[in-house]
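Shown next, in structure tokens, is the structure this report addresses.
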Amino acid sequence: MEKRIIIHLDMDAFFAAIEERENPQFRGKPIVVGAEPKGGKGRGVVSTANYEARKFGIHSALPISKAYALCPDAVYLPPNFELYSKVSSNIMKIINEASALVEQVSLDEVYIDVSFLKSYEEAKRAAEQMRKSIRDQEQLPCSCGIGPNKMIAKMACEAAKPRLDGGRADGVKTVPENEAEAFIENLDIQKIPGIGIKTAQILRLSDFKKVVDLKKLSEHDMEDLFGARGKAMYGRVRGRDEDPVLAEHEVKSIGKEITFEQDTRDPELLIRSFEHLAKQVAQEVREQGLHFKTVGVVCRFTGFETHTKAKTLSQPSREGAVLRAEAMKLFLKFLLEKQKPIRLIGVRVQIAPLSPV
């Protein structure tokens, strides 16, 4: 069996790094990309923050009001997704020159199968060349992890990232297969794919805190604990992961949402905002040449009470009128069933796996 060698490449604070590149006057300052803070009264969240801002405890998904409380003097900027997407496309062209087997998982993150290079030394050279090309052509930094599988490559990439104390590794971290098991032993259990926040909380109650603690369990015990995923989890805590690099990462869903400045029951504002979201989703579906099978709606009420509704169509569609009509039916049910003020609304579609003929 051919030895697998996988590179995980991740841009460093991607959105913030682009903003710093476009606005040199902000260089060296804490930069937060996300919702408007409105003097600490903003309702949205942080999309990303540069490393200067992270020193204050600011991170992605943090409420923008908390970010402002931590660092009111930071530079707060709205996201420019059109620019970020364009830069991402340029970066992907560079990466695709290194291998034909590239799995893009987000605008700024990819897995690259370079098994054909045969050695970790050659893989590191390839990673360094990609980093140099991205730096030269886009003036942006990135980090790379190299390992025998996707899980180890991602963890190695995290170890190669800049540190908040200003130091960093050389931007590339290699973990060959004979070092993979030892490399992850002292990591927090939540670093293992498949162990989320809630699962980790339950495991910690039984004194499973580090990956090495889970290695004490037999494969049978792991199956009792994780069910059908038990066998895979037994391998993962030992540094093994068979998840393949998929050259074409299929878009599974498309969605848009909006958080209101104040919780509201204003029907005109709600309907107008909802129709705008549905139109945006329909346009993105059409532009990507996709078809949707399921339409979903989310509503978050006062007190962060969140509910969703969905409708699966009898046949896949790409018609904006169908999307808006089905989404509106679901949304109107929310308005009739719940009388609480609304904080957030959203529209999402699940993409059909095959386009209809």
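Chain identifiers are assigned as A, B, and so on, following the order in which chains appear in the structure tokens; residues are numbered from 1 within each chain, and ligands are numbered from 1 in order of appearance.
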Check your understanding: DSSP says strand (DSSP E or B) for which residues of range 90-155 of chain A? Put them as a list in words?
Key -> Val102, Glu103, Gln104, Val105, Ser106, Glu109, Val110, Tyr111, Ile112, Asp113, Cys142, Ser143, Cys144, Gly145, Ile146 and Gly147 of chain A
Selected residues, C-alpha atoms, written as a compact mmCIF listing (two decimals), in the first residue's frame, please.
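Contents of part.txt, freshly written:
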# COMPACT_ATOMS: atom_id res chain seq x y z
CA VAL A 102 -6.85 19.00 -3.59
CA GLU A 103 -9.84 19.22 -1.24
CA GLN A 104 -10.93 22.76 -0.47
CA VAL A 105 -12.91 22.85 2.77
CA SER A 106 -13.31 26.64 3.07
CA GLU A 109 -8.24 25.93 4.10
CA VAL A 110 -7.30 22.91 1.96
CA TYR A 111 -6.03 19.36 2.16
CA ILE A 112 -3.50 18.32 -0.49
CA ASP A 113 -2.59 14.69 -1.20
CA CYS A 142 -0.15 30.75 5.66
CA SER A 143 0.86 27.69 7.66
CA CYS A 144 1.19 24.04 6.63
CA GLY A 145 1.01 20.74 8.45
CA ILE A 146 2.27 17.51 6.93
CA GLY A 147 1.26 14.05 8.09
Check your understanding: Could you state the separation of CA of Thr259 in chain A and CA of Asn50 in chain A in Å, given to one decimal place?
Key ->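 Interatomic distance, CA of Thr259 in chain A to CA of Asn50 in chain A: 23.7 Å.
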Within 12 Å of Ile195 in chain A, counting only C-alpha atoms, which residues show up once you throw out same-chain ones fewer than 3 positions away? Write them as an mmCIF file with C-alpha atoms, in the first residue's frame, please.
data_model
loop_
_atom_site.group_PDB
_atom_site.id
_atom_site.type_symbol
_atom_site.label_atom_id
_atom_site.label_comp_id
_atom_site.auth_asym_id
_atom_site.auth_seq_id
_atom_site.Cartn_x
_atom_site.Cartn_y
_atom_site.Cartn_z
ATOM 1 C CA ASP A 188 -7.068 17.793 24.585
ATOM 2 C CA ILE A 189 -9.655 15.167 23.626
ATOM 3 C CA GLN A 190 -11.657 17.800 21.750
ATOM 4 C CA LYS A 191 -8.895 17.987 19.137
ATOM 5 C CA ILE A 192 -9.987 14.573 17.848
ATOM 6 C CA LYS A 198 -20.891 18.336 24.477
ATOM 7 C CA THR A 199 -19.194 14.951 24.036
ATOM 8 C CA ALA A 200 -15.975 16.339 25.515
ATOM 9 C CA GLN A 201 -17.842 17.678 28.544
ATOM 10 C CA ILE A 202 -19.337 14.241 29.224
ATOM 11 C CA LEU A 203 -15.982 12.488 28.774
ATOM 12 C CA ARG A 204 -14.222 14.878 31.157
ATOM 13 C CA PHE A 208 -10.965 11.537 30.075
ATOM 14 C CA LYS A 209 -9.156 14.824 29.439
ATOM 15 C CA LYS A 210 -6.238 14.042 27.151
ATOM 16 C CA VAL A 211 -6.077 11.814 24.096
ATOM 17 C CA LEU A 214 -8.935 7.564 25.744
ATOM 18 C CA LEU A 225 -19.014 4.828 23.934
ATOM 19 C CA PHE A 226 -19.262 6.092 20.356
ATOM 20 C CA ARG A 229 -18.019 5.495 15.107
ATOM 21 C CA GLY A 230 -16.215 3.516 17.792
ATOM 22 C CA ALA A 232 -12.802 4.846 13.704
ATOM 23 C CA MET A 233 -12.364 6.680 17.015
ATOM 24 C CA ARG A 236 -7.958 8.236 15.639
ATOM 25 C CA VAL A 237 -6.733 8.345 19.229
#
Check your understanding: Counting only C-alpha atoms, which of A:Lys66, A:Arg300, A:Lys150, A:Lys311 gets nearest to Pro244 in chain A?
Key ->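 Looking only at the distances to Pro244 in chain A, the closest residue turns out to be A:Lys150.
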Exercise for review: Rounded to one decimal place, report the CA of Lys41 in chain A-CA of Glu261 in chain A distance in Å.
Suggested key: 8.8 Å
